[in-house]
>>> print(open('model-v8.txt').read())   # compact mmCIF, C-alpha atoms and all ligand atoms
# COMPACT_ATOMS: atom_id res chain seq x y z
CA MET A 959 95.27 77.90 127.52
CA ALA A 960 94.92 77.82 123.74
CA ASP A 961 97.73 76.43 121.56
CA ILE A 962 100.08 79.08 120.27
CA PHE A 963 100.45 79.67 116.52
CA LYS A 964 103.46 81.80 115.56
CA ILE A 965 103.51 83.86 112.37
CA ALA A 966 106.75 85.38 111.08
CA ILE A 967 105.93 88.68 109.36
CA LEU A 968 108.44 89.75 106.69
CA PRO A 969 107.25 93.04 105.12
CA GLY A 970 110.29 93.56 102.83
CA ASP A 971 110.67 96.44 100.37
CA GLY A 972 108.70 98.84 98.18
CA ILE A 973 104.97 98.50 98.80
CA GLY A 974 105.62 95.47 101.07
CA PRO A 975 105.47 97.34 104.41
CA GLU A 976 102.43 99.45 103.32
CA VAL A 977 100.31 96.48 102.31
CA MET A 978 101.53 94.32 105.20
CA LYS A 979 100.28 96.98 107.63
CA GLN A 980 96.77 96.40 106.24
CA ALA A 981 97.04 92.60 106.59
CA ILE A 982 98.04 93.06 110.24
CA LYS A 983 94.96 95.24 110.84
CA ILE A 984 92.85 92.34 109.55
CA LEU A 985 94.71 89.80 111.66
CA GLU A 986 94.16 91.89 114.79
CA LYS A 987 90.45 92.02 113.99
CA ILE A 988 89.97 88.30 113.36
CA GLU A 989 92.28 86.76 115.94
CA LYS A 990 89.44 86.57 118.44
CA TYR A 991 87.67 84.06 116.16
CA ILE A 992 90.73 81.79 115.87
CA THR A 993 90.94 78.86 118.26
CA LYS A 994 94.73 79.17 118.63
CA LYS A 995 96.50 82.12 120.24
CA ILE A 996 98.27 84.06 117.49
CA VAL A 997 101.75 85.43 118.14
CA ILE A 998 103.38 87.59 115.48
CA ASP A 999 107.02 88.61 115.16
CA THR A 1000 108.26 90.99 112.49
CA TYR A 1001 111.64 90.47 110.78
CA THR A 1002 113.69 92.45 108.28
CA VAL A 1003 114.22 90.93 104.82
CA GLY A 1004 115.35 91.83 101.29
CA GLY A 1005 116.75 95.24 100.44
CA ALA A 1006 115.74 96.63 103.83
CA ALA A 1007 117.92 93.96 105.48
CA ILE A 1008 120.80 94.70 103.09
CA ASN A 1009 120.67 98.34 104.15
CA LEU A 1010 120.60 97.48 107.85
CA TYR A 1011 122.78 94.35 108.07
CA GLY A 1012 124.44 93.93 104.65
CA ASN A 1013 122.54 90.64 104.18
CA PRO A 1014 119.12 90.13 102.48
CA LEU A 1015 118.33 87.20 104.81
CA PRO A 1016 119.94 87.90 108.19
CA LYS A 1017 120.39 84.98 110.62
CA LYS A 1018 117.84 86.51 112.99
CA THR A 1019 115.20 86.51 110.22
CA LEU A 1020 115.91 82.94 109.17
CA TYR A 1021 115.89 81.76 112.79
CA GLY A 1022 112.62 83.64 113.40
CA CYS A 1023 111.05 81.86 110.40
CA GLU A 1024 112.34 78.48 111.60
CA LYS A 1025 110.63 78.83 114.95
CA SER A 1026 107.36 80.01 113.39
CA ASP A 1027 104.41 77.97 112.15
CA ALA A 1028 103.98 80.03 108.96
CA ILE A 1029 105.55 82.97 107.13
CA LEU A 1030 103.61 85.97 105.84
CA PHE A 1031 105.87 87.62 103.27
CA GLY A 1032 105.45 91.06 101.65
CA SER A 1033 107.71 91.54 98.66
CA VAL A 1034 111.36 92.34 98.06
CA GLY A 1035 113.52 94.09 95.49
CA GLY A 1036 114.13 97.36 93.76
CA SER A 1037 116.68 99.00 91.47
CA GLU A 1038 118.50 100.43 94.52
CA TRP A 1039 120.17 97.01 94.94
CA ASP A 1040 120.85 96.28 91.23
CA TYR A 1041 124.56 97.03 91.72
CA LEU A 1042 124.92 93.83 93.82
CA PRO A 1043 125.80 90.42 92.33
CA LEU A 1044 122.64 88.37 91.58
CA ASN A 1045 123.06 86.05 94.60
CA LYS A 1046 123.22 88.97 97.02
CA ARG A 1047 120.24 90.89 95.62
CA PRO A 1048 116.96 90.91 97.58
CA GLU A 1049 115.00 88.32 95.53
CA LYS A 1050 117.68 85.66 95.07
CA GLY A 1051 119.32 86.37 98.40
CA SER A 1052 116.16 86.12 100.51
CA LEU A 1053 113.00 84.77 98.86
CA LEU A 1054 114.69 82.06 96.78
CA LYS A 1055 116.86 81.13 99.79
CA LEU A 1056 113.78 80.79 101.99
CA ARG A 1057 112.09 78.58 99.36
CA LYS A 1058 115.20 76.39 99.24
CA HIS A 1059 115.79 76.35 103.01
CA PHE A 1060 112.24 75.21 103.78
CA ASN A 1061 112.01 73.04 100.65
CA LEU A 1062 108.86 74.82 99.49
CA PHE A 1063 108.24 72.67 96.42
CA ALA A 1064 104.52 73.37 95.92
CA ASN A 1065 103.42 76.80 94.74
CA ILE A 1066 99.69 77.48 94.94
CA ARG A 1067 98.25 80.45 93.07
CA PRO A 1068 94.51 81.08 93.06
CA SER A 1069 93.20 83.21 90.17
CA PHE A 1070 89.70 84.60 90.05
CA PHE A 1071 87.94 87.78 89.12
CA TYR A 1072 85.53 90.04 90.95
CA LYS A 1073 82.39 90.56 88.89
CA ASP A 1074 82.52 94.35 89.23
CA LEU A 1075 86.09 94.34 87.90
CA SER A 1076 85.60 92.16 84.83
CA ILE A 1077 86.42 95.16 82.63
CA LEU A 1078 90.04 94.90 83.83
CA SER A 1079 90.37 91.46 82.25
CA PRO A 1080 91.47 91.15 78.61
CA LEU A 1081 88.82 88.43 78.16
CA LYS A 1082 85.28 89.23 77.01
CA GLU A 1083 82.68 89.55 79.77
CA LYS A 1084 80.54 86.78 78.25
CA ILE A 1085 83.49 84.35 78.60
CA LEU A 1086 84.33 85.45 82.15
CA ASN A 1087 80.72 85.30 83.26
CA LYS A 1088 80.75 81.53 82.71
CA GLY A 1089 83.14 81.49 85.69
CA PHE A 1090 86.82 81.96 86.37
CA ASP A 1091 88.05 80.54 89.68
CA ILE A 1092 91.20 78.48 89.27
CA ILE A 1093 93.95 77.23 91.55
CA CYS A 1094 97.20 76.77 89.71
CA ILE A 1095 99.61 74.38 91.45
CA ARG A 1096 103.19 74.65 90.24
CA GLU A 1097 106.08 72.35 91.15
CA LEU A 1098 108.66 74.87 92.35
CA THR A 1099 111.96 73.21 93.18
CA GLY A 1100 112.58 70.77 90.31
CA GLY A 1101 112.39 70.49 86.53
CA ILE A 1102 114.32 72.42 83.94
CA TYR A 1103 115.10 75.39 86.25
CA PHE A 1104 117.32 73.21 88.43
CA GLY A 1105 118.21 70.18 86.27
CA LEU A 1106 121.89 69.47 85.62
CA PRO A 1107 123.84 69.59 83.41
CA ASN A 1108 123.19 73.03 82.05
CA GLY A 1109 125.43 75.63 80.52
CA ARG A 1110 127.07 76.89 77.35
CA LYS A 1111 129.87 75.36 75.32
CA GLY A 1112 131.77 75.93 72.13
CA LYS A 1113 132.61 79.08 70.22
CA GLY A 1114 131.41 81.05 67.20
CA ILE A 1115 128.95 79.20 64.97
CA ASP A 1116 129.54 76.01 67.02
CA GLU A 1117 128.49 77.62 70.32
CA TYR A 1118 125.52 75.94 71.99
CA ALA A 1119 123.55 76.13 75.23
CA PHE A 1120 121.63 73.44 77.09
CA ASP A 1121 119.31 72.86 80.04
CA THR A 1122 118.06 69.61 81.52
CA GLU A 1123 114.42 68.88 82.35
CA ILE A 1124 114.47 66.21 85.05
CA TYR A 1125 111.74 64.89 87.37
CA SER A 1126 111.85 61.92 89.70
CA ARG A 1127 108.84 59.78 90.58
CA PHE A 1128 109.23 61.06 94.18
CA GLU A 1129 109.00 64.72 93.11
CA ILE A 1130 105.92 64.10 90.96
CA GLU A 1131 104.19 62.01 93.63
CA ARG A 1132 104.58 64.63 96.38
CA ILE A 1133 103.20 67.50 94.26
CA ALA A 1134 100.41 65.20 93.05
CA HIS A 1135 99.29 64.53 96.65
CA ILE A 1136 99.15 68.29 97.33
CA ALA A 1137 97.03 68.80 94.20
CA PHE A 1138 94.63 65.94 94.96
CA ASN A 1139 94.16 67.14 98.55
CA ILE A 1140 93.32 70.65 97.35
CA ALA A 1141 90.99 69.26 94.66
CA LEU A 1142 89.14 67.25 97.32
CA LYS A 1143 88.16 70.54 99.01
CA ARG A 1144 87.00 72.11 95.72
CA LYS A 1145 85.23 70.73 92.64
CA LYS A 1146 87.11 67.41 92.79
CA LYS A 1147 88.76 67.78 89.40
CA ILE A 1148 92.36 68.29 88.31
CA CYS A 1149 93.72 69.17 84.91
CA SER A 1150 97.36 68.09 84.73
CA ILE A 1151 99.37 69.96 82.10
CA ASP A 1152 102.22 68.32 80.21
CA LYS A 1153 103.79 67.77 76.82
CA ALA A 1154 103.65 63.98 76.87
CA ASN A 1155 103.59 63.82 73.06
CA VAL A 1156 107.22 65.06 73.03
CA LEU A 1157 108.93 65.01 76.46
CA ASN A 1158 110.05 61.98 78.48
CA THR A 1159 109.56 63.87 81.75
CA SER A 1160 105.95 64.52 80.74
CA ILE A 1161 105.36 60.82 79.98
CA LEU A 1162 106.56 59.94 83.49
CA TRP A 1163 104.53 62.87 84.92
CA ARG A 1164 101.37 61.51 83.26
CA GLU A 1165 102.04 57.92 84.40
CA VAL A 1166 102.66 58.93 88.02
CA LEU A 1167 99.59 61.20 88.11
CA THR A 1168 97.45 58.36 86.75
CA ASP A 1169 98.85 55.99 89.44
CA ILE A 1170 98.29 58.46 92.28
CA SER A 1171 94.75 59.22 91.09
CA LYS A 1172 93.78 55.66 92.08
CA GLN A 1173 94.17 56.76 95.73
CA TYR A 1174 91.67 59.61 95.17
CA ILE A 1175 88.84 57.95 93.30
CA SER A 1176 86.40 60.84 93.92
CA VAL A 1177 88.68 63.25 92.01
CA LYS A 1178 88.46 63.38 88.22
CA LEU A 1179 91.91 63.62 86.63
CA GLU A 1180 92.30 65.01 83.12
CA HIS A 1181 95.54 65.46 81.15
CA MET A 1182 96.09 68.31 78.69
CA TYR A 1183 99.02 69.34 76.52
CA ILE A 1184 100.42 72.75 77.45
CA ASP A 1185 99.83 74.21 73.97
CA ASN A 1186 96.16 73.24 74.11
CA ALA A 1187 95.85 74.41 77.75
CA VAL A 1188 96.92 77.99 76.98
CA MET A 1189 94.31 78.13 74.20
CA GLN A 1190 91.56 76.57 76.32
CA LEU A 1191 92.27 79.08 79.11
CA MET A 1192 91.52 81.94 76.74
CA LYS A 1193 88.52 80.23 75.14
CA ASN A 1194 86.75 78.84 78.18
CA PRO A 1195 88.51 79.20 81.54
CA SER A 1196 85.39 77.95 83.35
CA GLN A 1197 86.32 74.37 82.38
CA PHE A 1198 89.28 74.49 84.82
CA ASP A 1199 89.31 74.23 88.61
CA VAL A 1200 92.68 72.87 89.84
CA ILE A 1201 95.51 73.01 87.30
CA LEU A 1202 98.69 71.07 88.08
CA CYS A 1203 101.96 71.88 86.29
CA SER A 1204 105.70 71.32 86.28
CA ASN A 1205 107.93 74.25 87.20
CA LEU A 1206 108.30 75.59 83.64
CA PHE A 1207 104.69 75.15 82.50
CA GLY A 1208 103.41 76.49 85.84
CA ASP A 1209 105.56 79.60 85.54
CA ILE A 1210 103.86 80.43 82.25
CA ILE A 1211 100.31 79.34 82.95
CA SER A 1212 100.08 80.97 86.41
CA ASP A 1213 100.95 84.32 84.84
CA GLN A 1214 98.38 83.73 82.11
CA CYS A 1215 95.78 83.09 84.82
CA ALA A 1216 96.88 86.27 86.65
CA MET A 1217 96.46 88.28 83.46
CA ILE A 1218 92.95 86.90 82.89
CA SER A 1219 91.99 88.06 86.40
CA GLY A 1220 92.89 91.61 85.38
CA SER A 1221 94.85 92.83 88.39
CA VAL A 1222 98.00 91.40 89.95
CA GLY A 1223 97.26 93.48 93.05
CA ASN A 1224 94.39 91.12 93.91
CA LEU A 1225 96.17 87.78 93.74
CA PRO A 1226 97.74 85.91 96.66
CA SER A 1227 99.98 82.83 96.63
CA ALA A 1228 101.34 80.17 98.95
CA SER A 1229 104.29 77.80 98.85
CA PHE A 1230 104.36 74.59 100.90
CA ASN A 1231 106.73 71.86 101.86
CA GLN A 1232 105.97 68.23 102.65
CA ASN A 1233 104.72 69.14 106.16
CA TYR A 1234 102.47 71.90 104.80
CA PHE A 1235 104.72 74.56 106.33
CA GLY A 1236 103.77 77.58 104.22
CA LEU A 1237 105.12 80.90 103.01
CA TYR A 1238 102.29 83.20 101.92
CA GLU A 1239 102.86 86.23 99.70
CA PRO A 1240 101.21 88.42 97.05
CA SER A 1241 101.71 87.24 93.45
CA GLY A 1242 103.11 90.63 92.40
CA GLY A 1243 106.40 92.27 93.30
CA SER A 1244 107.48 95.27 95.37
CA ALA A 1245 106.10 97.80 92.83
CA PRO A 1246 108.80 100.46 93.49
CA ASN A 1247 107.04 102.80 91.02
CA ILE A 1248 104.17 103.33 93.48
CA ALA A 1249 105.91 102.65 96.82
CA GLY A 1250 105.48 105.18 99.64
CA LYS A 1251 102.47 106.87 97.98
CA ASN A 1252 99.73 105.08 99.92
CA ILE A 1253 98.10 104.00 96.64
CA ALA A 1254 99.07 100.29 96.42
CA ASN A 1255 96.35 97.68 96.44
CA PRO A 1256 96.56 95.67 99.70
CA ILE A 1257 94.06 92.96 98.62
CA ALA A 1258 96.72 90.43 97.49
CA GLN A 1259 98.47 90.76 100.86
CA ILE A 1260 95.20 90.46 102.77
CA LEU A 1261 94.21 87.41 100.71
CA SER A 1262 97.66 85.90 101.41
CA LEU A 1263 96.75 86.15 105.09
CA ALA A 1264 93.37 84.55 104.27
CA MET A 1265 95.23 81.65 102.61
CA LEU A 1266 97.43 81.28 105.70
CA ILE A 1267 94.33 81.08 107.84
CA GLU A 1268 92.75 78.51 105.53
CA TYR A 1269 95.76 76.25 104.85
CA SER A 1270 98.02 76.60 107.92
CA LEU A 1271 95.45 77.34 110.62
CA LYS A 1272 92.76 75.21 108.92
CA GLU A 1273 90.13 77.86 109.76
CA ARG A 1274 88.27 77.96 106.46
CA ASN A 1275 85.27 79.89 107.78
CA ILE A 1276 87.41 82.72 109.09
CA SER A 1277 89.30 82.89 105.82
CA GLN A 1278 85.92 83.16 104.09
CA LYS A 1279 84.93 86.05 106.38
CA ILE A 1280 87.92 88.02 105.03
CA LYS A 1281 87.05 87.17 101.42
CA ASN A 1282 83.44 88.24 102.00
CA ALA A 1283 84.57 91.57 103.46
CA ILE A 1284 86.74 92.27 100.40
CA GLN A 1285 83.85 91.42 98.09
CA LYS A 1286 81.56 93.75 100.05
CA ILE A 1287 83.94 96.71 99.83
CA LEU A 1288 84.44 96.19 96.09
CA ASN A 1289 80.67 95.90 95.60
CA LEU A 1290 80.31 99.28 97.31
CA GLY A 1291 82.59 100.75 94.62
CA TYR A 1292 85.74 101.36 96.68
CA ARG A 1293 88.88 101.01 94.55
CA THR A 1294 92.59 101.52 94.90
CA LYS A 1295 93.95 103.31 91.84
CA ASP A 1296 94.93 100.11 89.98
CA LEU A 1297 91.33 98.85 90.17
CA PHE A 1298 89.66 102.05 88.97
CA THR A 1299 87.63 101.39 85.82
CA ASN A 1300 86.01 104.81 85.51
CA SER A 1301 82.51 103.50 85.90
CA LYS A 1302 79.91 105.28 87.98
CA ASN A 1303 79.75 104.71 91.77
CA GLU A 1304 83.50 104.09 91.97
CA LYS A 1305 85.57 105.92 94.58
CA ILE A 1306 89.37 105.88 94.59
CA ILE A 1307 90.74 105.33 98.08
CA THR A 1308 94.19 104.93 99.66
CA THR A 1309 95.94 101.72 100.71
CA ASP A 1310 95.26 102.59 104.35
CA ASP A 1311 91.57 103.28 103.77
CA MET A 1312 91.13 100.05 101.81
CA GLY A 1313 92.68 98.09 104.71
CA THR A 1314 90.50 99.85 107.28
CA LEU A 1315 87.28 99.43 105.27
CA ILE A 1316 87.92 95.71 104.75
CA MET A 1317 88.78 95.31 108.44
CA GLU A 1318 85.59 97.11 109.50
CA SER A 1319 83.48 94.94 107.16
CA ILE A 1320 84.53 91.65 108.69
CA ILE A 1321 81.61 90.18 110.58
P1 LIG B 1 105.75 94.33 90.16
O1 LIG B 1 104.75 93.24 90.37
O2 LIG B 1 106.39 94.87 91.39
O3 LIG B 1 105.06 95.54 89.39
C1 LIG B 1 104.45 95.36 88.10
C2 LIG B 1 103.33 96.40 87.94
O4 LIG B 1 102.23 96.02 88.75
C3 LIG B 1 103.74 97.80 88.38
O5 LIG B 1 103.11 98.75 87.54
C4 LIG B 1 103.18 97.92 89.78
O6 LIG B 1 102.89 99.25 90.16
C5 LIG B 1 101.92 97.06 89.67
N1 LIG B 1 101.58 96.44 90.96
C6 LIG B 1 102.12 95.36 91.55
N2 LIG B 1 101.56 95.11 92.72
C7 LIG B 1 100.64 96.08 92.91
C8 LIG B 1 99.72 96.38 93.95
N3 LIG B 1 99.64 95.63 95.06
N4 LIG B 1 98.93 97.46 93.81
C9 LIG B 1 98.96 98.21 92.71
N5 LIG B 1 99.79 97.98 91.68
C10 LIG B 1 100.63 96.93 91.78
O7 LIG B 1 106.85 93.76 89.15
P2 LIG B 1 108.20 94.41 88.63
O8 LIG B 1 108.00 95.88 88.36
O9 LIG B 1 108.64 93.52 87.53
O10 LIG B 1 109.24 94.24 89.82
C11 LIG B 1 109.51 95.26 90.79
C12 LIG B 1 110.46 94.68 91.82
O11 LIG B 1 109.79 93.60 92.52
C13 LIG B 1 111.73 94.09 91.23
O12 LIG B 1 112.81 94.42 92.06
C14 LIG B 1 111.47 92.59 91.25
O13 LIG B 1 112.68 91.87 91.37
C15 LIG B 1 110.64 92.46 92.51
N6 LIG B 1 109.77 91.28 92.56
C16 LIG B 1 109.62 90.72 93.79
C17 LIG B 1 108.77 89.64 93.92
C18 LIG B 1 108.60 89.05 95.29
O14 LIG B 1 109.04 89.63 96.26
N7 LIG B 1 107.92 87.92 95.40
C19 LIG B 1 108.07 89.14 92.83
C20 LIG B 1 108.21 89.76 91.59
C21 LIG B 1 109.06 90.85 91.47
>>> encode(input="model-v8.txt", output="structure tokens", more="lines below")
Ligand code: NAD
Amino acid sequence: MADIFKIAILPGDGIGPEVMKQAIKILEKIEKYITKKIVIDTYTVGGAAINLYGNPLPKKTLYGCEKSDAILFGSVGGSEWDYLPLNKRPEKGSLLKLRKHFNLFANIRPSFFYKDLSILSPLKEKILNKGFDIICIRELTGGIYFGLPNGRKGKGIDEYAFDTEIYSRFEIERIAHIAFNIALKRKKKICSIDKANVLNTSILWREVLTDISKQYISVKLEHMYIDNAVMQLMKNPSQFDVILCSNLFGDIISDQCAMISGSVGNLPSASFNQNYFGLYEPSGGSAPNIAGKNIANPIAQILSLAMLIEYSLKERNISQKIKNAIQKILNLGYRTKDLFTNSKNEKIITTDDMGTLIMESII
């Protein structure tokens, strides 16, 4: 009897349930190739859970995630719940709580472009054609977003506000190990982003990275100031493979990478804790403006499943089968509305059809 691998499915709000349905089609198709027996359980989260239970992260959902081996998340949020205090709204009340509960300190966001879709990128084709395939690793639970003290004091012209950027050696070491392990499976190079010419936290960041790199002698470690990194990304993104950043710098640079790729609907992400327990989700949000119309792009959700299969199930070949199927369908000219570039041979199809075509192309 094969080992059991449990996946908690949390479709959420807006386009979440529509795109999740497509990811499940893919999972049903590929589970026969996976050595473990896959068991999925679906739980309510976000605004949908507020409407049903008055709580964006009901106990049953949290418990279901705890007894699972990985979480496949859709997206949450929408203006319907804007009347609630921030802590009770879908995003803060469910996704951020899950990140905190499972201590998901490492956020992994791949960014790449499909050759046929290069016109969607703001970068020139001749720059993109040199290559754009980056994994941005962002520290997610520390740094200036959580450092204390923070706040506002004083009044009138004397009023001031302050935040604290703080990183411990422990926090930097654990994210560094994640980055080096990912780099080992790719081009064996890491560019660590900091501002070590100004910030104390960056000086420590650089020192710790340099120390840890001695344990991974086959990986080339480079350091780059954040201001230079954002310029280099526009000028020649092909020089990067794995980019490692603090919470603040990663927030900015991962969005820059997403923009270069041209469509947020194509980009997946994963967040891990120390034990590599992962939550996998599209990089975009719940897109309420297109929800319920069967026009959302399901590729980011399907690629989030592919990441789950690669990182949590360690079945890289099966993950690659999914990626190949997506590439094939795009090569044939099939596009959801957001990917339509008006060039010849393109056909606009629905969310459902995109899911089915990708599923049928998996070999
Ligand atoms: P968004 O990512 O939902 O939408 C931005 C734009 O991208 C919209 O035009 C949308 O139609 C488009 N888009 C996004 N995903 C798409 C897809 N798969 N296919 C086609 N088009 C797609 O960001 P937003 O409008 O700023 O936020 C909408 C809601 O989502 C808000 O309530 C926000 O809080 C929430 N949100 C949730 C998450 C999450 O669950 N992880 C992340 C970001 C935003």
>>> atom_distance(input="model-v8.txt", atom1="CA of Ser1212 (chain A)", atom2="CA of Asn1065 (chain A)")
9.9 Å
>>> closest_atom_pairs(input="model-v8.txt", of="chain A", to="ligand LIG 1 (chain B)", cutoff="10 Å", atoms="all atoms listed in the file", output="tab-separated table")
residue	atom	partner	partner_atom	distance
A:Pro969	CA	B:LIG1	O14	9.7
A:Gly970	CA	B:LIG1	O14	7.8
A:Asp971	CA	B:LIG1	O14	8.1
A:Gly972	CA	B:LIG1	O11	7.8
A:Ile973	CA	B:LIG1	N3	7.1
A:Gly974	CA	B:LIG1	O14	8.3
A:Glu976	CA	B:LIG1	N3	9.5
A:Val977	CA	B:LIG1	N3	7.3
A:Gly1004	CA	B:LIG1	O14	8.4
A:Gly1005	CA	B:LIG1	O12	9.3
A:Phe1031	CA	B:LIG1	O14	8.0
A:Gly1032	CA	B:LIG1	O14	6.6
A:Ser1033	CA	B:LIG1	O14	3.3
A:Val1034	CA	B:LIG1	O14	4.0
A:Gly1035	CA	B:LIG1	O12	3.5
A:Gly1036	CA	B:LIG1	O12	3.6
A:Ser1037	CA	B:LIG1	O12	6.0
A:Glu1038	CA	B:LIG1	O12	8.6
A:Trp1039	CA	B:LIG1	O12	8.3
A:Asp1040	CA	B:LIG1	O12	8.3
A:Arg1047	CA	B:LIG1	O13	8.7
A:Pro1048	CA	B:LIG1	O13	7.6
A:Glu1049	CA	B:LIG1	O13	5.9
A:Lys1050	CA	B:LIG1	O13	8.8
A:Ser1052	CA	B:LIG1	O14	9.0
A:Leu1053	CA	B:LIG1	O14	6.8
A:Leu1054	CA	B:LIG1	N7	9.1
A:Ser1221	CA	B:LIG1	C10	7.9
A:Val1222	CA	B:LIG1	N2	5.8
A:Gly1223	CA	B:LIG1	N3	3.8
A:Asn1224	CA	B:LIG1	N3	7.0
A:Leu1225	CA	B:LIG1	N3	8.7
A:Ser1227	CA	B:LIG1	N7	9.5
A:Tyr1238	CA	B:LIG1	N7	9.8
A:Glu1239	CA	B:LIG1	N7	6.9
A:Pro1240	CA	B:LIG1	N7	6.9
A:Ser1241	CA	B:LIG1	N7	6.5
A:Gly1242	CA	B:LIG1	O1	3.7
A:Gly1243	CA	B:LIG1	O2	3.2
A:Ser1244	CA	B:LIG1	O11	4.0
A:Ala1245	CA	B:LIG1	O2	3.3
A:Pro1246	CA	B:LIG1	C11	5.9
A:Asn1247	CA	B:LIG1	O6	5.5
A:Ile1248	CA	B:LIG1	O6	5.4
A:Ala1249	CA	B:LIG1	O6	8.1
A:Asn1252	CA	B:LIG1	N4	9.8
A:Ile1253	CA	B:LIG1	C9	7.1
A:Ala1254	CA	B:LIG1	N4	3.9
A:Asn1255	CA	B:LIG1	N4	3.7
A:Pro1256	CA	B:LIG1	N3	5.6
A:Ile1257	CA	B:LIG1	N3	7.1
A:Ala1258	CA	B:LIG1	N3	6.4
A:Gln1259	CA	B:LIG1	N3	7.7
A:Thr1294	CA	B:LIG1	C9	7.5
A:Lys1295	CA	B:LIG1	C9	7.2
A:Asp1296	CA	B:LIG1	C9	5.2
A:Leu1297	CA	B:LIG1	C9	8.1
A:Thr1309	CA	B:LIG1	N4	8.6
>>> write_last_selection(input="model-v8.txt", atoms="C-alpha atoms", output="compact mmCIF listing (two decimals), in the coordinates of the input")
# COMPACT_ATOMS: atom_id res chain seq x y z
CA PRO A 969 107.25 93.04 105.12
CA GLY A 970 110.29 93.56 102.83
CA ASP A 971 110.67 96.44 100.37
CA GLY A 972 108.70 98.84 98.18
CA ILE A 973 104.97 98.50 98.80
CA GLY A 974 105.62 95.47 101.07
CA GLU A 976 102.43 99.45 103.32
CA VAL A 977 100.31 96.48 102.31
CA GLY A 1004 115.35 91.83 101.29
CA GLY A 1005 116.75 95.24 100.44
CA PHE A 1031 105.87 87.62 103.27
CA GLY A 1032 105.45 91.06 101.65
CA SER A 1033 107.71 91.54 98.66
CA VAL A 1034 111.36 92.34 98.06
CA GLY A 1035 113.52 94.09 95.49
CA GLY A 1036 114.13 97.36 93.76
CA SER A 1037 116.68 99.00 91.47
CA GLU A 1038 118.50 100.43 94.52
CA TRP A 1039 120.17 97.01 94.94
CA ASP A 1040 120.85 96.28 91.23
CA ARG A 1047 120.24 90.89 95.62
CA PRO A 1048 116.96 90.91 97.58
CA GLU A 1049 115.00 88.32 95.53
CA LYS A 1050 117.68 85.66 95.07
CA SER A 1052 116.16 86.12 100.51
CA LEU A 1053 113.00 84.77 98.86
CA LEU A 1054 114.69 82.06 96.78
CA SER A 1221 94.85 92.83 88.39
CA VAL A 1222 98.00 91.40 89.95
CA GLY A 1223 97.26 93.48 93.05
CA ASN A 1224 94.39 91.12 93.91
CA LEU A 1225 96.17 87.78 93.74
CA SER A 1227 99.98 82.83 96.63
CA TYR A 1238 102.29 83.20 101.92
CA GLU A 1239 102.86 86.23 99.70
CA PRO A 1240 101.21 88.42 97.05
CA SER A 1241 101.71 87.24 93.45
CA GLY A 1242 103.11 90.63 92.40
CA GLY A 1243 106.40 92.27 93.30
CA SER A 1244 107.48 95.27 95.37
CA ALA A 1245 106.10 97.80 92.83
CA PRO A 1246 108.80 100.46 93.49
CA ASN A 1247 107.04 102.80 91.02
CA ILE A 1248 104.17 103.33 93.48
CA ALA A 1249 105.91 102.65 96.82
CA ASN A 1252 99.73 105.08 99.92
CA ILE A 1253 98.10 104.00 96.64
CA ALA A 1254 99.07 100.29 96.42
CA ASN A 1255 96.35 97.68 96.44
CA PRO A 1256 96.56 95.67 99.70
CA ILE A 1257 94.06 92.96 98.62
CA ALA A 1258 96.72 90.43 97.49
CA GLN A 1259 98.47 90.76 100.86
CA THR A 1294 92.59 101.52 94.90
CA LYS A 1295 93.95 103.31 91.84
CA ASP A 1296 94.93 100.11 89.98
CA LEU A 1297 91.33 98.85 90.17
CA THR A 1309 95.94 101.72 100.71
>>> residues_around(input="model-v8.txt", residues="Asn1186 (chain A)", least_positions_apart="6", cutoff="10 Å", atoms="all atoms listed in the file", output="list in words")
Ile1151, Asp1152 and Lys1153 of chain A
>>> atom_distance(input="model-v8.txt", atom1="CA of Asp1199 (chain A)", atom2="CA of Ile1184 (chain A)")
15.8 Å
>>> residues_around(input="model-v8.txt", residues="Tyr1174 (chain A)", least_positions_apart="5", cutoff="12 Å", atoms="only C-alpha atoms", output="ChimeraX atom specification")
/A:1134-1142,1146-1148,1167-1169,1179
>>> residues_around(input="model-v8.txt", residues="Lys1286 (chain A)", least_positions_apart="4", cutoff="9 Å", atoms="only C-alpha atoms", output="ChimeraX atom specification")
/A:1281-1282,1290-1291,1316,1319
>>> decode(input="model-v8.txt", residues="region 1135-1147 of chain A", atoms="C-alpha atoms", output="compact mmCIF listing (two decimals), in the first residue's frame")
# COMPACT_ATOMS: atom_id res chain seq x y z
CA HIS A 1135 19.83 27.25 3.47
CA ILE A 1136 16.54 27.26 1.52
CA ALA A 1137 18.13 29.43 -1.18
CA PHE A 1138 21.29 27.35 -1.48
CA ASN A 1139 19.28 24.11 -1.69
CA ILE A 1140 17.15 25.54 -4.50
CA ALA A 1141 20.25 26.90 -6.27
CA LEU A 1142 21.83 23.43 -6.13
CA LYS A 1143 18.96 22.13 -8.31
CA ARG A 1144 19.28 24.99 -10.82
CA LYS A 1145 22.26 26.91 -12.23
CA LYS A 1146 24.13 26.86 -8.90
CA LYS A 1147 24.25 30.62 -8.50
